[in-house]
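See below for the structure under consideration.
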Amino acid sequence: MSIPTRTAHDGLELPLIGLGTYGLNGEDGVTSMLSAVESGYRLLDTAVNYGNEETVGDVIRRSSVARDELIVATKVPGRHHGFDETMASFEESRRRLGVEHIDVYLIHWPNPSVNRYIDTWHAMIELAADGLVGSIGVCNFTQEMIERLGDATSVLPSVNQVELHPYFSQAELRAFHEAHGILTQAWSPLGRKSDLLENPLVADIASAHGVSVTQVVLRWHVQQGIIAIPKSANPERQRQNLDVFGFELSDDDMSALATLERGRIWGADPNTHEEM
Ligand code: A2P
């Protein structure tokens, strides 16, 4: 099956559902990711700090799907901010993944107190210009931080990957993204670490449509053009998470889900939360 896509201002085309790979490591991780690729996943989202770039590299080599049909995204960690540091980090990622080029290269956290994400961004622009990276983006950036990138370099990210689920819908940031052709990607799309999947309102909507609660939550994302990257190690759940294009949430469903807004569940405000 082919998954509907969205296209960013730079031409990057991403499927509306990708695979989060945090926690998928080693041989078990390879097995899980291979089953996802066989089910139709094409976007594999990893990071230096997930410690599984080698695992993703094994998946790329062992999968029956051609390299150029897979979209590999990885992220430069906070401790590698800076121009030269980013260049070196990129080479390490490329080596661990065993690839010539990386499709989507992201800044993992802005770490504003370090104040080096502009230098990082300059390096990423150069990597893209050299054809080593297909598209460059960010994670956990606020509108102000993205505007700073634009002011400094005239290059806006293709993607901003942020905490996003029905408890924290990021409406203002998404409107800003839409206005600039920046794709919104959701991390923790299922609202892990909260009771979202036990919420009775979500359960009622799920039973009305004859689908699971996770399918309601993922449909809520894709119906708004948000790219969700749910992680599942389980082949059956991986397939279920892709199967969200055969039903539609009504306006009433969407209005009801909008009442769930309550804010971040991870406490990771990018203005103050930093990761190295
Ligand atoms: P599992 O890997 O055992 O399927 P997030 O993407 O927010 O980090 O959430 C991932 C978590 O949600 C994982 O623990 C995963 O467990 C679980 N999960 C993923 N898909 C489903 C599903 N369809 N039903 C129930 N749990 C799911």
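Following the order of the structure tokens, chains are lettered A, B, ..., residues in each are numbered from 1, and ligands are numbered from 1.
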
>> If you run DSSP on the backbone here, which positions in region 1-243 of chain A get alpha helix (DSSP H)? Please write them as a ChimeraX atom specification.
In response: /A:26-39,53-62,83-97,117-129,143-153,171-180,200-209,213-223,235-242

> Which polymer residues have any atom within 12 Å of an atom of Asp28 (chain A), counting only C-alpha atoms, with same-chain residues fewer than 5 positions away left out, as a PyMOL selection string?
Replying inline: chain A and resi 21+23+33-35+52+55-56+58-59+233-234

Dump as a PDB file, in the first residue's frame, selection limited to N, CA, C and O atoms:
```
ATOM      1  N   THR A  21      11.730   5.049  15.776  1.00  0.00           N
ATOM      2  CA  THR A  21      12.571   3.870  16.041  1.00  0.00           C
ATOM      3  C   THR A  21      13.210   3.900  17.424  1.00  0.00           C
ATOM      4  O   THR A  21      14.025   3.033  17.739  1.00  0.00           O
ATOM      5  N   GLY A  23      14.211   3.033  20.844  1.00  0.00           N
ATOM      6  CA  GLY A  23      14.023   1.795  21.605  1.00  0.00           C
ATOM      7  C   GLY A  23      14.120   0.537  20.755  1.00  0.00           C
ATOM      8  O   GLY A  23      14.101  -0.572  21.292  1.00  0.00           O
ATOM      9  N   MET A  33      11.934  -3.494  12.582  1.00  0.00           N
ATOM     10  CA  MET A  33      11.918  -2.494  11.506  1.00  0.00           C
ATOM     11  C   MET A  33      11.708  -3.153  10.143  1.00  0.00           C
ATOM     12  O   MET A  33      11.031  -2.583   9.281  1.00  0.00           O
ATOM     13  N   LEU A  34      12.281  -4.347   9.961  1.00  0.00           N
ATOM     14  CA  LEU A  34      12.059  -5.035   8.672  1.00  0.00           C
ATOM     15  C   LEU A  34      10.588  -5.351   8.490  1.00  0.00           C
ATOM     16  O   LEU A  34      10.043  -5.223   7.386  1.00  0.00           O
ATOM     17  N   SER A  35       9.910  -5.743   9.580  1.00  0.00           N
ATOM     18  CA  SER A  35       8.486  -6.045   9.432  1.00  0.00           C
ATOM     19  C   SER A  35       7.714  -4.776   9.096  1.00  0.00           C
ATOM     20  O   SER A  35       6.769  -4.796   8.292  1.00  0.00           O
ATOM     21  N   ASN A  52      20.801   3.798  17.720  1.00  0.00           N
ATOM     22  CA  ASN A  52      20.414   2.687  16.843  1.00  0.00           C
ATOM     23  C   ASN A  52      20.615   2.988  15.349  1.00  0.00           C
ATOM     24  O   ASN A  52      19.977   2.376  14.506  1.00  0.00           O
ATOM     25  N   THR A  55      21.604  -0.095  13.633  1.00  0.00           N
ATOM     26  CA  THR A  55      20.453  -0.990  13.452  1.00  0.00           C
ATOM     27  C   THR A  55      19.666  -0.574  12.216  1.00  0.00           C
ATOM     28  O   THR A  55      19.278  -1.412  11.391  1.00  0.00           O
ATOM     29  N   VAL A  56      19.440   0.725  12.076  1.00  0.00           N
ATOM     30  CA  VAL A  56      18.728   1.223  10.895  1.00  0.00           C
ATOM     31  C   VAL A  56      19.536   0.897   9.632  1.00  0.00           C
ATOM     32  O   VAL A  56      18.973   0.498   8.604  1.00  0.00           O
ATOM     33  N   ASP A  58      21.472  -1.665   9.171  1.00  0.00           N
ATOM     34  CA  ASP A  58      21.250  -3.085   8.857  1.00  0.00           C
ATOM     35  C   ASP A  58      19.917  -3.269   8.136  1.00  0.00           C
ATOM     36  O   ASP A  58      19.815  -4.060   7.195  1.00  0.00           O
ATOM     37  N   VAL A  59      18.917  -2.540   8.593  1.00  0.00           N
ATOM     38  CA  VAL A  59      17.586  -2.650   7.972  1.00  0.00           C
ATOM     39  C   VAL A  59      17.656  -2.207   6.508  1.00  0.00           C
ATOM     40  O   VAL A  59      17.120  -2.868   5.614  1.00  0.00           O
ATOM     41  N   ALA A 233       7.087  -1.969  18.064  1.00  0.00           N
ATOM     42  CA  ALA A 233       7.953  -3.110  17.779  1.00  0.00           C
ATOM     43  C   ALA A 233       7.126  -4.277  17.264  1.00  0.00           C
ATOM     44  O   ALA A 233       7.671  -5.269  16.790  1.00  0.00           O
ATOM     45  N   ASN A 234       5.805  -4.142  17.346  1.00  0.00           N
ATOM     46  CA  ASN A 234       4.906  -5.267  17.113  1.00  0.00           C
ATOM     47  C   ASN A 234       4.299  -5.207  15.706  1.00  0.00           C
ATOM     48  O   ASN A 234       3.644  -4.219  15.361  1.00  0.00           O
TER      49      ASN A 234
END
```

>> When you look at region 220-231 of chain A with a cut-off of 8 Å (counting only C-alpha atoms), what residues show up, excluding the ones that are within fewer than 4 positions of it in the same chain? I need them as a VMD selection string.
In response: chain A and resid 6 14 to 22 45 165 to 166 183 to 190 216 238 241 248 to 249 254

Would you mind listing what lies within 10 Å of Trp109 (chain A) as a PDB file with all heavy atoms, in the first residue's frame, with only C-alpha atoms counted and same-chain residues fewer than 5 positions away left out?
```
ATOM      1  N   LYS A  75      19.373  12.757  13.378  1.00  0.00           N
ATOM      2  CA  LYS A  75      19.395  14.061  14.054  1.00  0.00           C
ATOM      3  C   LYS A  75      20.750  14.322  14.695  1.00  0.00           C
ATOM      4  O   LYS A  75      21.315  13.432  15.339  1.00  0.00           O
ATOM      5  CB  LYS A  75      18.322  14.087  15.152  1.00  0.00           C
ATOM      6  CG  LYS A  75      16.966  13.569  14.685  1.00  0.00           C
ATOM      7  CD  LYS A  75      15.865  13.705  15.703  1.00  0.00           C
ATOM      8  CE  LYS A  75      14.595  13.035  15.226  1.00  0.00           C
ATOM      9  NZ  LYS A  75      14.533  11.583  15.512  1.00  0.00           N
ATOM     10  N   VAL A  76      21.218  15.548  14.541  1.00  0.00           N
ATOM     11  CA  VAL A  76      22.467  15.949  15.201  1.00  0.00           C
ATOM     12  C   VAL A  76      22.141  16.295  16.665  1.00  0.00           C
ATOM     13  O   VAL A  76      21.220  17.058  16.939  1.00  0.00           O
ATOM     14  CB  VAL A  76      23.157  17.109  14.430  1.00  0.00           C
ATOM     15  CG1 VAL A  76      22.271  18.337  14.316  1.00  0.00           C
ATOM     16  CG2 VAL A  76      24.492  17.468  15.062  1.00  0.00           C
ATOM     17  N   PRO A  77      22.870  15.685  17.615  1.00  0.00           N
ATOM     18  CA  PRO A  77      22.558  15.912  19.031  1.00  0.00           C
ATOM     19  C   PRO A  77      23.106  17.247  19.540  1.00  0.00           C
ATOM     20  O   PRO A  77      24.001  17.839  18.927  1.00  0.00           O
ATOM     21  CB  PRO A  77      23.264  14.743  19.722  1.00  0.00           C
ATOM     22  CG  PRO A  77      24.411  14.404  18.844  1.00  0.00           C
ATOM     23  CD  PRO A  77      23.990  14.741  17.429  1.00  0.00           C
ATOM     24  N   GLY A  78      22.596  17.663  20.686  1.00  0.00           N
ATOM     25  CA  GLY A  78      22.991  18.948  21.270  1.00  0.00           C
ATOM     26  C   GLY A  78      24.488  19.084  21.485  1.00  0.00           C
ATOM     27  O   GLY A  78      25.059  20.156  21.267  1.00  0.00           O
ATOM     28  N   ARG A  79      25.155  17.998  21.872  1.00  0.00           N
ATOM     29  CA  ARG A  79      26.601  18.097  22.165  1.00  0.00           C
ATOM     30  C   ARG A  79      27.428  18.289  20.898  1.00  0.00           C
ATOM     31  O   ARG A  79      28.623  18.575  20.988  1.00  0.00           O
ATOM     32  CB  ARG A  79      27.087  16.857  22.927  1.00  0.00           C
ATOM     33  CG  ARG A  79      27.010  15.558  22.144  1.00  0.00           C
ATOM     34  CD  ARG A  79      27.412  14.363  22.999  1.00  0.00           C
ATOM     35  NE  ARG A  79      27.265  13.106  22.281  1.00  0.00           N
ATOM     36  CZ  ARG A  79      26.101  12.489  22.020  1.00  0.00           C
ATOM     37  NH1 ARG A  79      24.966  13.036  22.435  1.00  0.00           N
ATOM     38  NH2 ARG A  79      26.059  11.344  21.372  1.00  0.00           N
ATOM     39  N   HIS A  81      26.511  20.545  18.474  1.00  0.00           N
ATOM     40  CA  HIS A  81      26.218  21.838  17.839  1.00  0.00           C
ATOM     41  C   HIS A  81      27.513  22.571  17.502  1.00  0.00           C
ATOM     42  O   HIS A  81      28.531  22.432  18.204  1.00  0.00           O
ATOM     43  CB  HIS A  81      25.368  22.701  18.776  1.00  0.00           C
ATOM     44  CG  HIS A  81      23.898  22.406  18.686  1.00  0.00           C
ATOM     45  ND1 HIS A  81      22.940  23.382  18.778  1.00  0.00           N
ATOM     46  CD2 HIS A  81      23.219  21.251  18.496  1.00  0.00           C
ATOM     47  CE1 HIS A  81      21.729  22.839  18.672  1.00  0.00           C
ATOM     48  NE2 HIS A  81      21.873  21.539  18.506  1.00  0.00           N
ATOM     49  N   TYR A 117      22.872  26.948  17.518  1.00  0.00           N
ATOM     50  CA  TYR A 117      22.117  26.250  16.470  1.00  0.00           C
ATOM     51  C   TYR A 117      22.194  26.947  15.110  1.00  0.00           C
ATOM     52  O   TYR A 117      22.000  26.313  14.084  1.00  0.00           O
ATOM     53  CB  TYR A 117      20.673  25.949  16.902  1.00  0.00           C
ATOM     54  CG  TYR A 117      19.764  27.122  17.203  1.00  0.00           C
ATOM     55  CD1 TYR A 117      19.238  27.908  16.178  1.00  0.00           C
ATOM     56  CD2 TYR A 117      19.393  27.404  18.512  1.00  0.00           C
ATOM     57  CE1 TYR A 117      18.382  28.955  16.459  1.00  0.00           C
ATOM     58  CE2 TYR A 117      18.536  28.443  18.810  1.00  0.00           C
ATOM     59  CZ  TYR A 117      18.029  29.223  17.775  1.00  0.00           C
ATOM     60  OH  TYR A 117      17.178  30.255  18.060  1.00  0.00           O
ATOM     61  N   VAL A 138      14.442  20.653  11.491  1.00  0.00           N
ATOM     62  CA  VAL A 138      14.695  20.832  12.925  1.00  0.00           C
ATOM     63  C   VAL A 138      13.679  20.024  13.727  1.00  0.00           C
ATOM     64  O   VAL A 138      12.702  19.501  13.179  1.00  0.00           O
ATOM     65  CB  VAL A 138      14.613  22.332  13.319  1.00  0.00           C
ATOM     66  CG1 VAL A 138      15.712  23.139  12.629  1.00  0.00           C
ATOM     67  CG2 VAL A 138      13.237  22.926  13.022  1.00  0.00           C
ATOM     68  N   CYS A 139      13.938  19.946  15.021  1.00  0.00           N
ATOM     69  CA  CYS A 139      12.984  19.368  15.963  1.00  0.00           C
ATOM     70  C   CYS A 139      12.899  20.320  17.149  1.00  0.00           C
ATOM     71  O   CYS A 139      13.905  20.923  17.532  1.00  0.00           O
ATOM     72  CB  CYS A 139      13.459  18.025  16.507  1.00  0.00           C
ATOM     73  SG  CYS A 139      13.976  16.829  15.284  1.00  0.00           S
ATOM     74  N   ASN A 140      11.748  20.397  17.714  1.00  0.00           N
ATOM     75  CA  ASN A 140      11.579  21.127  18.975  1.00  0.00           C
ATOM     76  C   ASN A 140      11.942  22.601  18.863  1.00  0.00           C
ATOM     77  O   ASN A 140      12.394  23.204  19.830  1.00  0.00           O
ATOM     78  CB  ASN A 140      12.419  20.455  20.078  1.00  0.00           C
ATOM     79  CG  ASN A 140      12.068  18.988  20.224  1.00  0.00           C
ATOM     80  OD1 ASN A 140      10.913  18.656  20.496  1.00  0.00           O
ATOM     81  ND2 ASN A 140      13.021  18.101  20.006  1.00  0.00           N
ATOM     82  N   PHE A 141      11.764  23.181  17.675  1.00  0.00           N
ATOM     83  CA  PHE A 141      12.006  24.613  17.517  1.00  0.00           C
ATOM     84  C   PHE A 141      10.698  25.375  17.710  1.00  0.00           C
ATOM     85  O   PHE A 141       9.632  24.939  17.278  1.00  0.00           O
ATOM     86  CB  PHE A 141      12.584  24.920  16.125  1.00  0.00           C
ATOM     87  CG  PHE A 141      14.095  24.860  16.065  1.00  0.00           C
ATOM     88  CD1 PHE A 141      14.785  23.772  16.578  1.00  0.00           C
ATOM     89  CD2 PHE A 141      14.831  25.894  15.504  1.00  0.00           C
ATOM     90  CE1 PHE A 141      16.185  23.711  16.531  1.00  0.00           C
ATOM     91  CE2 PHE A 141      16.225  25.856  15.451  1.00  0.00           C
ATOM     92  CZ  PHE A 141      16.900  24.762  15.968  1.00  0.00           C
ATOM     93  N   GLN A 161       9.901  18.784  13.891  1.00  0.00           N
ATOM     94  CA  GLN A 161       9.338  17.631  14.605  1.00  0.00           C
ATOM     95  C   GLN A 161       9.174  18.005  16.080  1.00  0.00           C
ATOM     96  O   GLN A 161      10.158  18.307  16.752  1.00  0.00           O
ATOM     97  CB  GLN A 161      10.270  16.430  14.450  1.00  0.00           C
ATOM     98  CG  GLN A 161       9.707  15.169  15.080  1.00  0.00           C
ATOM     99  CD  GLN A 161      10.665  13.992  15.027  1.00  0.00           C
ATOM    100  OE1 GLN A 161      11.076  13.450  16.052  1.00  0.00           O
ATOM    101  NE2 GLN A 161      11.025  13.582  13.820  1.00  0.00           N
ATOM    102  N   VAL A 162       7.945  17.989  16.548  1.00  0.00           N
ATOM    103  CA  VAL A 162       7.648  18.485  17.901  1.00  0.00           C
ATOM    104  C   VAL A 162       6.716  17.536  18.639  1.00  0.00           C
ATOM    105  O   VAL A 162       6.041  16.706  18.018  1.00  0.00           O
ATOM    106  CB  VAL A 162       6.989  19.891  17.821  1.00  0.00           C
ATOM    107  CG1 VAL A 162       7.970  20.925  17.286  1.00  0.00           C
ATOM    108  CG2 VAL A 162       5.713  19.867  16.975  1.00  0.00           C
ATOM    109  N   PRO A 270      11.005  23.714  24.707  1.00  0.00           N
ATOM    110  CA  PRO A 270      12.306  23.922  24.056  1.00  0.00           C
ATOM    111  C   PRO A 270      13.004  25.213  24.465  1.00  0.00           C
ATOM    112  O   PRO A 270      14.206  25.368  24.217  1.00  0.00           O
ATOM    113  CB  PRO A 270      11.989  23.927  22.561  1.00  0.00           C
ATOM    114  CG  PRO A 270      10.519  23.899  22.421  1.00  0.00           C
ATOM    115  CD  PRO A 270       9.895  23.620  23.751  1.00  0.00           C
ATOM    116  N   ASN A 271      12.287  26.136  25.099  1.00  0.00           N
ATOM    117  CA  ASN A 271      12.953  27.339  25.595  1.00  0.00           C
ATOM    118  C   ASN A 271      13.816  27.047  26.819  1.00  0.00           C
ATOM    119  O   ASN A 271      14.744  27.792  27.120  1.00  0.00           O
ATOM    120  CB  ASN A 271      11.921  28.411  25.963  1.00  0.00           C
ATOM    121  CG  ASN A 271      11.361  29.068  24.711  1.00  0.00           C
ATOM    122  OD1 ASN A 271      12.104  29.581  23.884  1.00  0.00           O
ATOM    123  ND2 ASN A 271      10.040  29.026  24.563  1.00  0.00           N
ATOM    124  N   HIS A 273      14.072  23.315  28.173  1.00  0.00           N
ATOM    125  CA  HIS A 273      14.536  21.920  28.207  1.00  0.00           C
ATOM    126  C   HIS A 273      15.671  21.757  27.196  1.00  0.00           C
ATOM    127  O   HIS A 273      15.530  22.123  26.040  1.00  0.00           O
ATOM    128  CB  HIS A 273      13.375  20.988  27.847  1.00  0.00           C
ATOM    129  CG  HIS A 273      13.781  19.543  27.776  1.00  0.00           C
ATOM    130  ND1 HIS A 273      13.777  18.712  28.855  1.00  0.00           N
ATOM    131  CD2 HIS A 273      14.235  18.796  26.732  1.00  0.00           C
ATOM    132  CE1 HIS A 273      14.189  17.511  28.499  1.00  0.00           C
ATOM    133  NE2 HIS A 273      14.478  17.539  27.203  1.00  0.00           N
ATOM    134  N   GLU A 274      16.787  21.187  27.614  1.00  0.00           N
ATOM    135  CA  GLU A 274      17.898  21.012  26.694  1.00  0.00           C
ATOM    136  C   GLU A 274      18.378  19.571  26.746  1.00  0.00           C
ATOM    137  O   GLU A 274      18.327  18.930  27.788  1.00  0.00           O
ATOM    138  CB  GLU A 274      19.035  21.967  27.060  1.00  0.00           C
ATOM    139  CG  GLU A 274      18.516  23.413  27.207  1.00  0.00           C
ATOM    140  CD  GLU A 274      19.551  24.468  26.889  1.00  0.00           C
ATOM    141  OE1 GLU A 274      20.724  24.252  27.216  1.00  0.00           O
ATOM    142  OE2 GLU A 274      19.171  25.486  26.299  1.00  0.00           O
ATOM    143  N   GLU A 275      18.787  19.069  25.604  1.00  0.00           N
ATOM    144  CA  GLU A 275      19.340  17.701  25.561  1.00  0.00           C
ATOM    145  C   GLU A 275      20.667  17.722  24.836  1.00  0.00           C
ATOM    146  O   GLU A 275      20.793  18.348  23.797  1.00  0.00           O
ATOM    147  CB  GLU A 275      18.348  16.751  24.871  1.00  0.00           C
ATOM    148  CG  GLU A 275      17.113  16.529  25.710  1.00  0.00           C
ATOM    149  CD  GLU A 275      16.287  15.324  25.301  1.00  0.00           C
ATOM    150  OE1 GLU A 275      16.728  14.535  24.426  1.00  0.00           O
ATOM    151  OE2 GLU A 275      15.188  15.180  25.872  1.00  0.00           O
ATOM    152  N   MET A 276      21.603  17.046  25.376  1.00  0.00           N
ATOM    153  CA  MET A 276      22.940  16.994  24.776  1.00  0.00           C
ATOM    154  C   MET A 276      23.145  15.726  23.977  1.00  0.00           C
ATOM    155  O   MET A 276      24.086  15.548  23.293  1.00  0.00           O
ATOM    156  CB  MET A 276      24.018  17.082  25.872  1.00  0.00           C
ATOM    157  CG  MET A 276      24.047  18.441  26.545  1.00  0.00           C
ATOM    158  SD  MET A 276      24.392  19.731  25.315  1.00  0.00           S
ATOM    159  CE  MET A 276      23.506  21.101  26.008  1.00  0.00           C
TER     160      MET A 276
END
```

> Where does DSSP see strand (DSSP E or B) in region 136-169 of chain A, if you list the residues as a ChimeraX atom specification?
Replying inline: /A:136-139,159-163,165,168

Restricting it to C-alpha atoms, dump the selection as a compact mmCIF listing (two decimals), in the first residue's frame.
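The file below, part24.txt, is the result:
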```txt
# COMPACT_ATOMS: atom_id res chain seq x y z
CA ILE A 136 17.34 19.76 6.31
CA GLY A 137 15.02 20.41 9.20
CA VAL A 138 14.69 20.83 12.92
CA CYS A 139 12.98 19.37 15.96
CA VAL A 159 10.34 19.92 8.80
CA ASN A 160 9.83 20.73 12.48
CA GLN A 161 9.34 17.63 14.61
CA VAL A 162 7.65 18.49 17.90
CA GLU A 163 5.68 16.94 20.73
CA HIS A 165 -0.97 14.71 20.18
CA PHE A 168 -1.08 19.19 23.01
```

> So which residues touch Ala258 (chain A) within 9 Å, counting only C-alpha atoms, skipping near sequence neighbours fewer than 3 positions away, as a list in words?
Replying inline: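 What passes the distance filter is Pro166, Tyr167, Ser169, Asp253, Met254, Ser255 and Glu261 of chain A.
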
> For ligand 1, which residue out of A:Arg61, A:Arg219, A:His9, A:Arg262 is the nearest one, using only C-alpha atoms and all ligand atoms?
Replying inline: A:Arg219

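Distances from A:Ala36, A:Leu12, A:Ala179, A:Ile107 to ligand 1 were compared using only C-alpha atoms and all ligand atoms, and the smallest one belongs to A:Ala36.
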
> So how far away is CA of Gln215 (chain A) from CA of Thr5 (chain A), in Å?
Replying inline: 17.7 Å

> Which value, in Å to one decimal, gives the distance between CA of Asp251 (chain A) and atom 21 (C, counted along the ligand's line) of ligand 1?
Replying inline: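 Result for CA of Asp251 (chain A) versus atom 21 (C, counted along the ligand's line) of ligand 1: 24.7 Å, one decimal.
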
I want to know what sits within 8 Å of Thr153 (chain A), based on only C-alpha atoms, with residues of the same chain fewer than 3 positions away left out; could you give that as a tab-separated table (two decimals) with N, CA, C and O atoms, in the first residue's frame?
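result10.tsv, written as the output of this step:
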```
chain	number	residue	atom	x	y	z
A	122	HIS	N	24.17	26.43	9.51
A	122	HIS	CA	25.07	26.75	8.37
A	122	HIS	C	25.73	25.47	7.85
A	122	HIS	O	25.86	25.29	6.64
A	149	LEU	N	16.56	31.33	12.34
A	149	LEU	CA	17.28	30.60	11.28
A	149	LEU	C	17.09	31.31	9.95
A	149	LEU	O	18.04	31.49	9.18
A	150	GLY	N	15.83	31.67	9.67
A	150	GLY	CA	15.51	32.32	8.40
A	150	GLY	C	16.22	33.66	8.27
A	150	GLY	O	16.78	33.98	7.20
```

> What gap, in Å, lies between CA of Leu127 (chain A) and CA of Asn111 (chain A)?
Replying inline: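 CA of Leu127 (chain A) sits 21.2 Å away from CA of Asn111 (chain A).
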
>> So that I can check the surroundings of region 199-203 of chain A, please list as a list in words every protein, DNA and RNA residue that reaches within 6 Å of it, counting only C-alpha atoms and ignoring chain neighbours fewer than 3 positions away.
In response: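 That gives Leu196, Ala206 and Val213 of chain A.
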